[in-house]
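First the structure, in the form of structure tokens, and then the observations on it.
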Amino acid sequence: MTSLDEGDASLDAVDLLLDELGARPQEIRLIAGTSGFRIAYRLPSGRQLVVKHIRALRLPETCAGCRFNNGADCQEGYYGVRLYRDPDGAFHVGVCIQRMDLCLPVEEFVGSEACAEIRKTREQDLQDLTA
């Protein structure tokens, strides 16, 4: 995985290494509605190497007014839901690694506006990617 802190320098270093290894891209693995994607490369030996990347993706409503919604504080964007467990053992769903205040208990999340926004964003992203 490239370093988000190093930005283009990290991407360039990975590209240089892949070139030096003779790696050739074989497949892009992307999940609609998330910022993470992977590119699978084939090495001359036949072995596979997978590199993780981040693409710009934000939740239109949740991220719009967020104080972290900029390239310095939120480099990852909306990566996908994360499951957390609190000290009492209850599970919560998080939608942002910067904003733990957005976490909701699983039972509340499934019927929440956040869940609906994620579903809508994923459907729109899939439509955009396949158009």
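We name chains A, B, ... following the order of the structure tokens; residues begin at 1 in each chain, and ligands are numbered from 1 as shown.
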
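The shell of residues at most 9 Å from segment 80-91 of chain A, with only C-alpha atoms counted and near chain neighbours (fewer than 2 positions) removed, consists of Gly33, Thr34, Ser35, Gly36, Tyr78, Val93, Gly94, Val95, Cys96, Ile97, Cys103, Leu104, Pro105, Val106, Glu107 and Ile118 of chain A.
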
Kindly export the residues of the current selection with C-alpha atoms, as an mmCIF file, in the first residue's frame.
```
data_model
loop_
_atom_site.group_PDB
_atom_site.id
_atom_site.type_symbol
_atom_site.label_atom_id
_atom_site.label_comp_id
_atom_site.auth_asym_id
_atom_site.auth_seq_id
_atom_site.Cartn_x
_atom_site.Cartn_y
_atom_site.Cartn_z
ATOM 1 C CA GLY A 33 -19.205 2.989 -3.118
ATOM 2 C CA THR A 34 -15.820 2.778 -1.390
ATOM 3 C CA SER A 35 -12.580 4.708 -1.810
ATOM 4 C CA GLY A 36 -10.253 1.708 -1.714
ATOM 5 C CA TYR A 78 -15.373 7.264 2.539
ATOM 6 C CA VAL A 93 -21.083 0.816 12.788
ATOM 7 C CA GLY A 94 -18.722 3.632 11.854
ATOM 8 C CA VAL A 95 -18.649 5.467 8.557
ATOM 9 C CA CYS A 96 -15.571 7.635 9.161
ATOM 10 C CA ILE A 97 -12.229 7.013 10.846
ATOM 11 C CA CYS A 103 -20.927 5.660 14.981
ATOM 12 C CA LEU A 104 -24.295 4.077 15.633
ATOM 13 C CA PRO A 105 -25.309 0.827 17.286
ATOM 14 C CA VAL A 106 -25.867 -1.783 14.561
ATOM 15 C CA GLU A 107 -29.597 -1.942 15.307
ATOM 16 C CA ILE A 118 -24.341 4.798 1.770
#
```

Give me the residues within 10 Å of Ile28 of chain A as an MDAnalysis selection string, counting only C-alpha atoms and dropping any in the same chain fewer than 4 places off.
chainID A and resid 37:41 50:51

N, CA and C atoms of the current selection, written as a PDB file, in the first residue's frame:
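So the final result, stored in selection-v2.pdb, reads:
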```
ATOM      1  N   PHE A  37      -9.324   0.646  -3.667  1.00  0.00           N
ATOM      2  CA  PHE A  37      -9.319  -0.308  -4.773  1.00  0.00           C
ATOM      3  C   PHE A  37      -7.934  -0.919  -4.865  1.00  0.00           C
ATOM      4  N   ARG A  38      -7.847  -2.022  -5.567  1.00  0.00           N
ATOM      5  CA  ARG A  38      -6.582  -2.727  -5.694  1.00  0.00           C
ATOM      6  C   ARG A  38      -6.302  -3.025  -7.160  1.00  0.00           C
ATOM      7  N   ILE A  39      -5.013  -3.007  -7.505  1.00  0.00           N
ATOM      8  CA  ILE A  39      -4.590  -3.413  -8.841  1.00  0.00           C
ATOM      9  C   ILE A  39      -3.709  -4.642  -8.663  1.00  0.00           C
ATOM     10  N   ALA A  40      -4.089  -5.725  -9.343  1.00  0.00           N
ATOM     11  CA  ALA A  40      -3.310  -6.957  -9.308  1.00  0.00           C
ATOM     12  C   ALA A  40      -2.330  -6.941 -10.474  1.00  0.00           C
ATOM     13  N   TYR A  41      -1.081  -7.234 -10.162  1.00  0.00           N
ATOM     14  CA  TYR A  41      -0.017  -7.278 -11.162  1.00  0.00           C
ATOM     15  C   TYR A  41       0.516  -8.706 -11.273  1.00  0.00           C
ATOM     16  N   VAL A  50      -0.343  -7.482  -5.426  1.00  0.00           N
ATOM     17  CA  VAL A  50      -1.521  -6.620  -5.379  1.00  0.00           C
ATOM     18  C   VAL A  50      -1.174  -5.332  -4.638  1.00  0.00           C
ATOM     19  N   VAL A  51      -1.518  -4.196  -5.252  1.00  0.00           N
ATOM     20  CA  VAL A  51      -1.232  -2.890  -4.665  1.00  0.00           C
ATOM     21  C   VAL A  51      -2.545  -2.183  -4.366  1.00  0.00           C
TER      22      VAL A  51
END
```

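If you measure from each of A:Leu21, A:Glu113, A:Arg29, A:Arg122 to Leu57 of chain A using only C-alpha atoms, the closest one turns out to be A:Arg122.
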
Please list as a PyMOL selection string every residue within 12 Å of Arg67 of chain A, counting only C-alpha atoms and excluding residues in the same chain fewer than 6 positions away.
chain A and resi 73-74+98-99

What is the atom CA of Ala32 of chain A to atom CA of Cys115 of chain A distance in Å?
15.0 Å

Write down as a PyMOL selection string the residues of segment 1-128 of chain A whose backbone DSSP state falls under helix (DSSP H, G or I).
chain A and resi 8-21+100-102+106-109+113-128

Residues within 10 Å of Gln48 of chain A, please, as number ranges by chain. Count only C-alpha atoms; anything in the same chain fewer than 3 positions from it doesn't count.
A: 23-26, 40-45

Those residues you just picked out, can you put them in a file as a compact mmCIF listing (two decimals), in the first residue's frame with N, CA and C atoms?
```txt
# COMPACT_ATOMS: atom_id res chain seq x y z
N ALA A 23 6.59 -6.00 -13.44
CA ALA A 23 5.18 -6.32 -13.14
C ALA A 23 4.27 -5.70 -14.19
N ARG A 24 3.27 -6.45 -14.58
CA ARG A 24 2.30 -5.98 -15.56
C ARG A 24 0.90 -6.06 -14.97
N PRO A 25 0.12 -4.97 -15.09
CA PRO A 25 -1.23 -4.98 -14.52
C PRO A 25 -2.10 -6.05 -15.17
N GLN A 26 -2.85 -6.74 -14.35
CA GLN A 26 -3.73 -7.81 -14.81
C GLN A 26 -5.20 -7.55 -14.53
N ALA A 40 -4.09 -5.73 -9.34
CA ALA A 40 -3.31 -6.96 -9.31
C ALA A 40 -2.33 -6.94 -10.47
N TYR A 41 -1.08 -7.23 -10.16
CA TYR A 41 -0.02 -7.28 -11.16
C TYR A 41 0.52 -8.71 -11.27
N ARG A 42 1.01 -9.05 -12.43
CA ARG A 42 1.66 -10.35 -12.63
C ARG A 42 3.15 -10.09 -12.80
N LEU A 43 3.96 -10.79 -12.00
CA LEU A 43 5.41 -10.70 -12.10
C LEU A 43 5.91 -11.68 -13.17
N PRO A 44 7.09 -11.44 -13.72
CA PRO A 44 7.63 -12.36 -14.74
C PRO A 44 7.69 -13.81 -14.26
N SER A 45 7.83 -14.03 -12.96
CA SER A 45 7.87 -15.39 -12.40
C SER A 45 6.50 -16.05 -12.40
```
